>>> print(open('target02.pdb').read())   # PDB, C-alpha atoms
MODEL        1
ATOM      1  CA  MET A   1     116.257  97.781 121.402
ATOM      2  CA  THR A   2     117.156  94.200 120.532
ATOM      3  CA  ASP A   3     117.656  92.111 117.414
ATOM      4  CA  VAL A   4     118.322  95.049 115.077
ATOM      5  CA  VAL A   5     119.182  93.808 111.583
ATOM      6  CA  PRO A   6     121.649  96.221 109.905
ATOM      7  CA  ILE A   7     121.550  97.118 106.235
ATOM      8  CA  LEU A   8     124.464  95.443 104.482
ATOM      9  CA  GLU A   9     126.843  97.509 102.398
ATOM     10  CA  ASP A  10     125.522  96.120  99.122
ATOM     11  CA  GLU A  11     121.914  96.885 100.025
ATOM     12  CA  THR A  12     119.965 100.111  99.759
ATOM     13  CA  GLY A  13     117.107 101.383 101.856
ATOM     14  CA  PHE A  14     114.726 101.025  98.907
ATOM     15  CA  ASP A  15     112.313  98.272  97.924
ATOM     16  CA  ARG A  16     112.493  96.330 101.153
ATOM     17  CA  LEU A  17     110.289  95.568 104.128
ATOM     18  CA  LEU A  18     111.097  95.465 107.808
ATOM     19  CA  ALA A  19     108.934  93.686 110.382
ATOM     20  CA  PHE A  20     108.966  94.401 114.115
ATOM     21  CA  THR A  21     107.029  93.463 117.218
ATOM     22  CA  LEU A  22     106.583  95.156 120.596
ATOM     23  CA  PRO A  23     105.953  92.196 122.924
ATOM     24  CA  ASP A  24     105.214  94.264 126.016
ATOM     25  CA  ARG A  25     102.612  96.277 124.106
ATOM     26  CA  ASP A  26     100.963  93.365 122.260
ATOM     27  CA  ALA A  27     101.684  95.110 118.959
ATOM     28  CA  ARG A  28     103.366  94.424 115.664
ATOM     29  CA  GLY A  29     104.514  96.660 112.854
ATOM     30  CA  ARG A  30     105.803  96.862 109.318
ATOM     31  CA  VAL A  31     107.761  99.604 107.569
ATOM     32  CA  VAL A  32     108.584  99.860 103.857
ATOM     33  CA  ARG A  33     110.209 102.252 101.410
ATOM     34  CA  LEU A  34     109.743 101.995  97.629
ATOM     35  CA  GLY A  35     112.080 103.473  95.013
ATOM     36  CA  PRO A  36     113.138 101.844  91.712
ATOM     37  CA  VAL A  37     110.330  99.294  91.883
ATOM     38  CA  LEU A  38     107.822 102.118  92.234
ATOM     39  CA  ASP A  39     109.256 103.957  89.228
ATOM     40  CA  GLU A  40     109.069 100.768  87.186
ATOM     41  CA  ILE A  41     105.394 100.243  88.010
ATOM     42  CA  LEU A  42     104.406 103.877  87.433
ATOM     43  CA  SER A  43     106.283 104.096  84.118
ATOM     44  CA  ALA A  44     103.874 101.649  82.462
ATOM     45  CA  HIS A  45     101.434 104.536  81.894
ATOM     46  CA  SER A  46     101.583 108.315  81.552
ATOM     47  CA  TYR A  47     100.036 109.120  84.899
ATOM     48  CA  PRO A  48      99.633 112.782  85.918
ATOM     49  CA  PRO A  49     101.300 113.709  89.250
ATOM     50  CA  ALA A  50      98.134 113.406  91.362
ATOM     51  CA  ILE A  51      97.408 109.892  90.054
ATOM     52  CA  LYS A  52     101.033 108.885  90.560
ATOM     53  CA  CYS A  53     100.807 110.041  94.157
ATOM     54  CA  VAL A  54      97.654 108.150  95.109
ATOM     55  CA  LEU A  55      98.746 105.008  93.241
ATOM     56  CA  ALA A  56     102.148 105.152  94.959
ATOM     57  CA  GLU A  57     100.392 105.436  98.329
ATOM     58  CA  ALA A  58      98.182 102.451  97.473
ATOM     59  CA  LEU A  59     101.230 100.389  96.458
ATOM     60  CA  VAL A  60     102.961 101.173  99.751
ATOM     61  CA  ILE A  61      99.887 100.087 101.711
ATOM     62  CA  THR A  62      99.559  96.944  99.588
ATOM     63  CA  ALA A  63     103.142  96.015 100.438
ATOM     64  CA  LEU A  64     102.535  96.637 104.142
ATOM     65  CA  LEU A  65      99.389  94.508 104.204
ATOM     66  CA  GLY A  66     100.941  91.835 102.007
ATOM     67  CA  SER A  67     103.799  91.449 104.455
ATOM     68  CA  LEU A  68     101.269  90.287 107.059
ATOM     69  CA  LEU A  69     100.524  87.155 105.010
ATOM     70  CA  LYS A  70     102.069  84.090 106.603
ATOM     71  CA  GLU A  71     101.746  81.518 103.815
ATOM     72  CA  ASP A  72     103.986  81.407 100.748
ATOM     73  CA  GLY A  73     102.009  81.927  97.563
ATOM     74  CA  SER A  74      99.194  83.844  99.275
ATOM     75  CA  GLN A  75      98.056  87.112  97.727
ATOM     76  CA  ILE A  76      96.400  90.317  98.828
ATOM     77  CA  THR A  77      94.538  92.602  96.422
ATOM     78  CA  LEU A  78      93.386  96.171  97.030
ATOM     79  CA  GLN A  79      90.693  97.417  94.678
ATOM     80  CA  ALA A  80      89.163 100.882  94.768
ATOM     81  CA  GLN A  81      86.174 101.259  92.480
ATOM     82  CA  ALA A  82      84.278 104.527  92.276
ATOM     83  CA  GLN A  83      82.121 106.876  90.277
ATOM     84  CA  GLY A  84      81.787 110.647  90.227
ATOM     85  CA  GLY A  85      85.545 111.261  90.394
ATOM     86  CA  VAL A  86      88.337 111.139  87.839
ATOM     87  CA  VAL A  87      89.549 107.695  89.003
ATOM     88  CA  SER A  88      87.107 104.921  88.235
ATOM     89  CA  LEU A  89      89.297 101.938  89.153
ATOM     90  CA  MET A  90      92.550 101.316  90.990
ATOM     91  CA  VAL A  91      93.947  97.840  91.605
ATOM     92  CA  CYS A  92      97.120  96.777  93.413
ATOM     93  CA  ASP A  93      98.256  93.354  94.565
ATOM     94  CA  TYR A  94     101.109  91.684  96.407
ATOM     95  CA  ARG A  95     102.341  88.103  96.287
ATOM     96  CA  GLY A  96     105.640  86.837  97.620
ATOM     97  CA  GLY A  97     107.364  90.202  97.510
ATOM     98  CA  GLU A  98     106.024  91.030  94.041
ATOM     99  CA  LEU A  99     104.003  94.218  93.621
ATOM    100  CA  ARG A 100     101.889  95.521  90.772
ATOM    101  CA  GLY A 101      99.322  98.270  90.385
ATOM    102  CA  TYR A 102      97.208 100.148  87.884
ATOM    103  CA  ALA A 103      94.822 103.116  87.862
ATOM    104  CA  GLN A 104      92.101 103.868  85.318
ATOM    105  CA  PHE A 105      91.229 107.555  85.170
ATOM    106  CA  ASP A 106      89.590 110.277  83.097
ATOM    107  CA  GLU A 107      92.449 112.346  81.705
ATOM    108  CA  ALA A 108      90.209 115.240  80.704
ATOM    109  CA  GLY A 109      88.787 115.471  84.202
ATOM    110  CA  MET A 110      92.230 116.013  85.753
ATOM    111  CA  SER A 111      92.573 119.569  84.429
ATOM    112  CA  GLY A 112      90.268 121.176  86.989
ATOM    113  CA  LEU A 113      91.537 119.423  90.108
ATOM    114  CA  GLY A 114      94.652 121.419  90.911
ATOM    115  CA  ALA A 115      97.997 120.155  92.179
ATOM    116  CA  ASN A 116      96.805 118.433  95.365
ATOM    117  CA  PRO A 117      93.276 117.044  94.893
ATOM    118  CA  SER A 118      91.369 115.438  97.750
ATOM    119  CA  LEU A 119      90.516 111.750  97.874
ATOM    120  CA  ASP A 120      86.870 112.643  97.330
ATOM    121  CA  SER A 121      87.575 114.640  94.165
ATOM    122  CA  LEU A 122      89.731 111.831  92.802
ATOM    123  CA  PHE A 123      87.303 108.983  93.491
ATOM    124  CA  GLY A 124      83.890 110.512  94.171
ATOM    125  CA  GLU A 125      81.664 107.864  95.741
ATOM    126  CA  GLY A 126      83.043 104.370  95.851
ATOM    127  CA  TYR A 127      84.296 101.491  97.908
ATOM    128  CA  LEU A 128      87.533  99.845  98.897
ATOM    129  CA  ALA A 129      87.720  96.053  98.690
ATOM    130  CA  ILE A 130      90.594  94.124 100.260
ATOM    131  CA  THR A 131      90.813  90.476  99.213
ATOM    132  CA  PHE A 132      92.973  87.773 100.761
ATOM    133  CA  ASP A 133      93.733  84.626  98.725
ATOM    134  CA  LEU A 134      95.283  81.997 100.993
ATOM    135  CA  ALA A 135      97.544  79.529  99.198
ATOM    136  CA  ALA A 136      97.489  76.660 101.694
ATOM    137  CA  THR A 137      93.706  76.310 101.918
ATOM    138  CA  GLY A 138      92.628  77.909  98.647
ATOM    139  CA  GLN A 139      90.262  80.090 100.649
ATOM    140  CA  ARG A 140      89.397  83.633  99.659
ATOM    141  CA  TYR A 141      87.842  86.239 101.900
ATOM    142  CA  GLN A 142      87.086  89.864 101.276
ATOM    143  CA  GLY A 143      86.184  92.963 103.221
ATOM    144  CA  ILE A 144      84.494  95.996 101.669
ATOM    145  CA  VAL A 145      84.241  99.479 103.181
ATOM    146  CA  PRO A 146      83.291 102.905 101.808
ATOM    147  CA  LEU A 147      86.189 104.775 100.220
ATOM    148  CA  GLU A 148      86.217 107.626 102.720
ATOM    149  CA  GLY A 149      88.731 109.729 104.622
ATOM    150  CA  GLY A 150      91.410 112.275 103.943
ATOM    151  CA  SER A 151      93.785 109.745 102.411
ATOM    152  CA  PHE A 152      93.976 106.218 101.073
ATOM    153  CA  ALA A 153      95.706 105.224 104.315
ATOM    154  CA  GLN A 154      92.728 106.411 106.362
ATOM    155  CA  ALA A 155      90.354 104.403 104.178
ATOM    156  CA  CYS A 156      92.436 101.282 104.886
ATOM    157  CA  GLU A 157      92.396 102.005 108.620
ATOM    158  CA  SER A 158      88.597 102.036 108.381
ATOM    159  CA  TYR A 159      88.725  98.611 106.765
ATOM    160  CA  PHE A 160      90.568  97.132 109.744
ATOM    161  CA  ALA A 161      88.289  98.886 112.226
ATOM    162  CA  GLN A 162      85.075  97.737 110.519
ATOM    163  CA  SER A 163      85.924  94.415 108.858
ATOM    164  CA  GLU A 164      88.701  92.992 111.039
ATOM    165  CA  GLN A 165      88.012  94.839 114.317
ATOM    166  CA  VAL A 166      91.760  95.095 114.826
ATOM    167  CA  PRO A 167      93.097  98.518 115.898
ATOM    168  CA  THR A 168      95.483  99.604 113.139
ATOM    169  CA  LEU A 169      97.434 102.759 112.355
ATOM    170  CA  ILE A 170      98.827 103.374 108.870
ATOM    171  CA  ARG A 171     101.039 106.223 107.715
ATOM    172  CA  ALA A 172     102.212 106.724 104.131
ATOM    173  CA  GLY A 173     104.248 109.406 102.419
ATOM    174  CA  VAL A 174     105.106 110.100  98.780
ATOM    175  CA  ARG A 175     107.816 112.410  97.458
ATOM    176  CA  SER A 176     108.705 113.302  93.874
ATOM    177  CA  GLN A 177     112.396 113.535  93.078
ATOM    178  CA  GLY A 178     112.778 114.718  89.493
ATOM    179  CA  ASP A 179     111.285 112.069  87.246
ATOM    180  CA  SER A 180     111.459 109.540  90.069
ATOM    181  CA  CYS A 181     109.184 108.899  93.009
ATOM    182  CA  ILE A 182     109.887 107.716  96.552
ATOM    183  CA  ALA A 183     107.173 106.355  98.809
ATOM    184  CA  GLY A 184     107.289 104.953 102.314
ATOM    185  CA  GLY A 185     104.851 103.591 104.821
ATOM    186  CA  LEU A 186     104.419 102.412 108.383
ATOM    187  CA  LEU A 187     101.794 100.065 109.806
ATOM    188  CA  VAL A 188     101.317  99.227 113.473
ATOM    189  CA  GLN A 189      98.632  96.892 114.710
ATOM    190  CA  HIS A 190      97.350  95.476 117.950
ATOM    191  CA  LEU A 191      98.117  91.767 118.065
ATOM    192  CA  PRO A 192      94.939  89.679 118.250
ATOM    193  CA  GLU A 193      96.923  87.194 120.371
ATOM    194  CA  GLY A 194      97.155  89.887 123.033
ATOM    195  CA  GLU A 195      93.389  89.713 123.513
ATOM    196  CA  GLU A 196      93.106  86.018 124.275
ATOM    197  CA  GLY A 197      91.170  85.319 127.447
ATOM    198  CA  ARG A 198      89.773  88.830 127.784
ATOM    199  CA  GLU A 199      87.481  91.272 126.058
ATOM    200  CA  ARG A 200      88.240  92.358 122.528
ATOM    201  CA  LEU A 201      90.269  95.558 122.595
ATOM    202  CA  HIS A 202      87.701  97.594 120.679
ATOM    203  CA  VAL A 203      85.027  97.076 123.377
ATOM    204  CA  GLN A 204      87.232  97.919 126.346
ATOM    205  CA  LEU A 205      86.804 101.310 127.976
ATOM    206  CA  ASP A 206      90.512 102.018 127.875
ATOM    207  CA  HIS A 207      93.566 100.330 126.389
ATOM    208  CA  PRO A 208      96.688 102.260 127.384
ATOM    209  CA  GLU A 209      99.175  99.866 125.774
ATOM    210  CA  TRP A 210      97.708 100.349 122.323
ATOM    211  CA  GLU A 211      97.180 104.067 122.874
ATOM    212  CA  HIS A 212     100.871 104.429 123.680
ATOM    213  CA  VAL A 213     101.886 102.590 120.496
ATOM    214  CA  ALA A 214      99.476 104.640 118.393
ATOM    215  CA  VAL A 215     100.804 107.933 119.780
ATOM    216  CA  MET A 216     104.432 106.953 119.124
ATOM    217  CA  ALA A 217     103.738 105.629 115.614
ATOM    218  CA  GLY A 218     101.441 108.549 114.821
ATOM    219  CA  SER A 219     104.343 110.951 115.290
ATOM    220  CA  THR A 220     105.990 109.630 112.120
ATOM    221  CA  ARG A 221     106.506 112.369 109.543
ATOM    222  CA  HIS A 222     106.162 111.950 105.793
ATOM    223  CA  ASP A 223     109.699 113.184 105.239
ATOM    224  CA  GLU A 224     111.018 110.415 107.504
ATOM    225  CA  LEU A 225     109.180 107.764 105.535
ATOM    226  CA  THR A 226     110.640 109.009 102.250
ATOM    227  CA  ASP A 227     114.159 109.913 103.395
ATOM    228  CA  PRO A 228     116.616 107.496 101.701
ATOM    229  CA  SER A 229     119.360 108.461 104.158
ATOM    230  CA  LEU A 230     117.255 107.206 107.080
ATOM    231  CA  SER A 231     117.312 103.417 107.237
ATOM    232  CA  LEU A 232     114.159 101.529 108.128
ATOM    233  CA  GLU A 233     115.891 100.259 111.258
ATOM    234  CA  ALA A 234     116.776 103.802 112.290
ATOM    235  CA  LEU A 235     113.179 104.898 111.797
ATOM    236  CA  VAL A 236     111.902 102.134 114.081
ATOM    237  CA  TRP A 237     114.592 103.090 116.593
ATOM    238  CA  ARG A 238     113.453 106.721 116.579
ATOM    239  CA  LEU A 239     109.904 105.713 117.356
ATOM    240  CA  PHE A 240     110.359 102.953 119.923
ATOM    241  CA  HIS A 241     113.857 103.177 121.409
ATOM    242  CA  GLU A 242     112.401 103.660 124.895
ATOM    243  CA  GLU A 243     110.625 100.300 124.802
ATOM    244  CA  ARG A 244     112.108  97.507 126.883
ATOM    245  CA  GLU A 245     112.156  95.151 123.900
ATOM    246  CA  VAL A 246     111.675  95.598 120.169
ATOM    247  CA  ARG A 247     112.133  92.550 117.963
ATOM    248  CA  VAL A 248     113.148  93.374 114.408
ATOM    249  CA  GLU A 249     113.176  91.014 111.443
ATOM    250  CA  LYS A 250     114.213  91.779 107.899
ATOM    251  CA  GLY A 251     111.318  91.243 105.488
ATOM    252  CA  ALA A 252     111.075  90.503 101.798
ATOM    253  CA  ARG A 253     112.892  92.312  99.035
ATOM    254  CA  LEU A 254     110.312  93.824  96.713
ATOM    255  CA  SER A 255     110.090  93.655  92.935
ATOM    256  CA  ARG A 256     107.671  94.509  90.178
ATOM    257  CA  GLY A 257     105.545  91.430  89.758
ATOM    258  CA  CYS A 258     103.361  91.590  86.679
ATOM    259  CA  ARG A 259     102.701  87.929  85.994
ATOM    260  CA  CYS A 260     101.407  88.291  82.456
ATOM    261  CA  THR A 261     102.884  85.842  79.944
ATOM    262  CA  VAL A 262     101.633  84.176  76.791
ATOM    263  CA  GLU A 263     101.494  80.881  78.681
ATOM    264  CA  HIS A 264      99.386  82.420  81.444
ATOM    265  CA  TYR A 265      96.831  83.821  79.030
ATOM    266  CA  GLU A 266      96.714  80.590  77.060
ATOM    267  CA  LYS A 267      95.737  78.754  80.234
ATOM    268  CA  VAL A 268      93.077  81.356  81.065
ATOM    269  CA  LEU A 269      91.598  81.394  77.553
ATOM    270  CA  ALA A 270      91.590  77.598  77.373
ATOM    271  CA  ARG A 271      88.847  77.625  80.007
ATOM    272  CA  PHE A 272      86.476  79.410  77.610
ATOM    273  CA  PRO A 273      84.317  77.400  75.157
ATOM    274  CA  GLU A 274      85.587  77.391  71.590
ATOM    275  CA  ALA A 275      82.570  79.408  70.413
ATOM    276  CA  GLU A 276      83.485  82.255  72.794
ATOM    277  CA  ARG A 277      87.151  82.141  71.799
ATOM    278  CA  ALA A 278      86.107  82.399  68.154
ATOM    279  CA  GLU A 279      84.325  85.677  68.885
ATOM    280  CA  MET A 280      87.488  87.037  70.527
ATOM    281  CA  ARG A 281      89.759  86.415  67.516
ATOM    282  CA  ASP A 282      90.756  89.234  65.171
ATOM    283  CA  ASP A 283      91.029  89.051  61.381
ATOM    284  CA  GLN A 284      94.374  87.267  61.693
ATOM    285  CA  GLY A 285      92.848  84.615  63.933
ATOM    286  CA  LYS A 286      94.610  85.845  67.067
ATOM    287  CA  ILE A 287      93.225  86.867  70.430
ATOM    288  CA  VAL A 288      94.826  90.128  71.546
ATOM    289  CA  VAL A 289      95.077  90.588  75.315
ATOM    290  CA  ASP A 290      95.934  94.008  76.761
ATOM    291  CA  CYS A 291      97.593  93.845  80.185
ATOM    292  CA  ALA A 292      96.687  97.039  82.042
ATOM    293  CA  PHE A 293      99.364  96.452  84.687
ATOM    294  CA  CYS A 294     102.344  96.535  82.337
ATOM    295  CA  SER A 295     100.742  98.181  79.267
ATOM    296  CA  ARG A 296     101.685  95.362  76.890
ATOM    297  CA  LEU A 297      99.716  93.571  74.186
ATOM    298  CA  PHE A 298      99.843  89.784  73.934
ATOM    299  CA  GLN A 299      98.813  88.005  70.746
ATOM    300  CA  ILE A 300      97.495  84.592  71.606
ATOM    301  CA  GLU A 301      97.072  81.858  69.003
ATOM    302  CA  LEU A 302      94.632  79.382  70.500
TER     303      LEU A 302
ENDMDL
END
>>> encode(input="target02.pdb", output="structure tokens")
Amino acid sequence: MTDVVPILEDETGFDRLLAFTLPDRDARGRVVRLGPVLDEILSAHSYPPAIKCVLAEALVITALLGSLLKEDGSQITLQAQAQGGVVSLMVCDYRGGELRGYAQFDEAGMSGLGANPSLDSLFGEGYLAITFDLAATGQRYQGIVPLEGGSFAQACESYFAQSEQVPTLIRAGVRSQGDSCIAGGLLVQHLPEGEEGRERLHVQLDHPEWEHVAVMAGSTRHDELTDPSLSLEALVWRLFHEEREVRVEKGARLSRGCRCTVEHYEKVLARFPEAERAEMRDDQGKIVVDCAFCSRLFQIEL
């Protein structure tokens, strides 16, 4: 294995990304582990354990997908919207190493679900939308797939299979540790560049290189993803140490990234006509904005 980047003594294995590529297999990967940043995001609301778990999984996947963005300032947003379950809306986004997320749920409906509810009982019928906002061009594109599968990770795999037609494997694990939560994830993906000049991988009868990568990556256990004593580099080594070459590159440090400020909301509200802003004002003449991501109220005088 080549180009392994060690963890420095003043770093931890939490809240960081690691990127790697398998040149001989035409594949790339990302691995992440969230700790303090995850606790900070989840502490904004009193989420029951089951909601914490699925939101933590969604945040891990958002970080993995966000790390695929090549342009500074670009953003990826995951939005799950559903009806018939206890969760009606879940939104997470990533931009430049900053993560945020929020879930809207029916608290009364949680009582009958048990300790480990299925994705279907949490969301009912719904869809998963993944939106890419590209900074350099200002372009936005979105893919939408049904919110189906045994986990949020499986629903995201379906997105790549249906919308991107790029073979992708995603694994995510969440572990409670007292009042804290640890979550980790792994993504491996066939490189589109590996298909140049030949048929797309998904229409070929066999593709042993990708199958090999998927088998190796699919052996990852949840306890490995959430084990703080196992570095991200060591995890990649466990999976792919028999490969002739594995290129590893340290990714972004992660932080909680709620971007709500008075100045931000003033700019947003300034786009509304004065007549509409007048209807928004309370008896004191202020517009009160409730940020769901960080659970704070902003009083705007505009």
>>> residues_around(input="target02.pdb", residues="A:Phe293", least_positions_apart="5", cutoff="8 Å", atoms="only C-alpha atoms", output="PyMOL selection string")
chain A and resi 41+44+100-102+258
>>> atom_distance(input="target02.pdb", atom1="atom CA of A:Gly97", atom2="atom CA of A:Gly257")
8.1 Å
>>> closest_residue(input="target02.pdb", among="A:Ala252, A:Thr220, A:Arg28, A:Gly126", to="A:Arg95", atoms="only C-alpha atoms")
A:Ala252
>>> residues_near_point(input="target02.pdb", point="(84.0, 108.2, 90.8)", cutoff="8 Å", atoms="only C-alpha atoms", output="MDAnalysis selection string")
chainID A and resid 81:88 122:126
>>> resolve_selection(input="target02.pdb", expression="the PyMOL selection byres ((chain A and resi 63-70) around 9)", output="VMD selection string")
chain A and resid 17 to 19 29 to 32 58 to 62 71 to 72 74 to 77 93 to 99 132 134 185 to 187 251 to 252 254
>>> closest_residue(input="target02.pdb", among="A:Ile51, A:Cys92, A:Ile182, A:Leu38", to="A:Met110", atoms="only C-alpha atoms")
A:Ile51
>>> atom_distance(input="target02.pdb", atom1="atom CA of A:Val91", atom2="atom CA of A:Thr21")
29.1 Å
>>> atom_distance(input="target02.pdb", atom1="atom CA of A:Glu249", atom2="atom CA of A:Leu191")
16.5 Å
>>> residues_near_point(input="target02.pdb", point="(94.3, 103.5, 111.1)", cutoff="10 Å", atoms="all atoms listed in the file", output="JSON list (two decimals) with C-alpha atoms, keeping the file's coordinate frame")
[["chain", "number", "residue", "atom", "x", "y", "z"],
["A", 153, "ALA", "CA", 95.71, 105.22, 104.32],
["A", 154, "GLN", "CA", 92.73, 106.41, 106.36],
["A", 155, "ALA", "CA", 90.35, 104.40, 104.18],
["A", 156, "CYS", "CA", 92.44, 101.28, 104.89],
["A", 157, "GLU", "CA", 92.40, 102.00, 108.62],
["A", 158, "SER", "CA", 88.60, 102.04, 108.38],
["A", 159, "TYR", "CA", 88.72, 98.61, 106.76],
["A", 160, "PHE", "CA", 90.57, 97.13, 109.74],
["A", 161, "ALA", "CA", 88.29, 98.89, 112.23],
["A", 166, "VAL", "CA", 91.76, 95.10, 114.83],
["A", 167, "PRO", "CA", 93.10, 98.52, 115.90],
["A", 168, "THR", "CA", 95.48, 99.60, 113.14],
["A", 169, "LEU", "CA", 97.43, 102.76, 112.36],
["A", 170, "ILE", "CA", 98.83, 103.37, 108.87],
["A", 171, "ARG", "CA", 101.04, 106.22, 107.72],
["A", 187, "LEU", "CA", 101.79, 100.06, 109.81],
["A", 188, "VAL", "CA", 101.32, 99.23, 113.47],
["A", 189, "GLN", "CA", 98.63, 96.89, 114.71],
["A", 214, "ALA", "CA", 99.48, 104.64, 118.39],
["A", 218, "GLY", "CA", 101.44, 108.55, 114.82]]
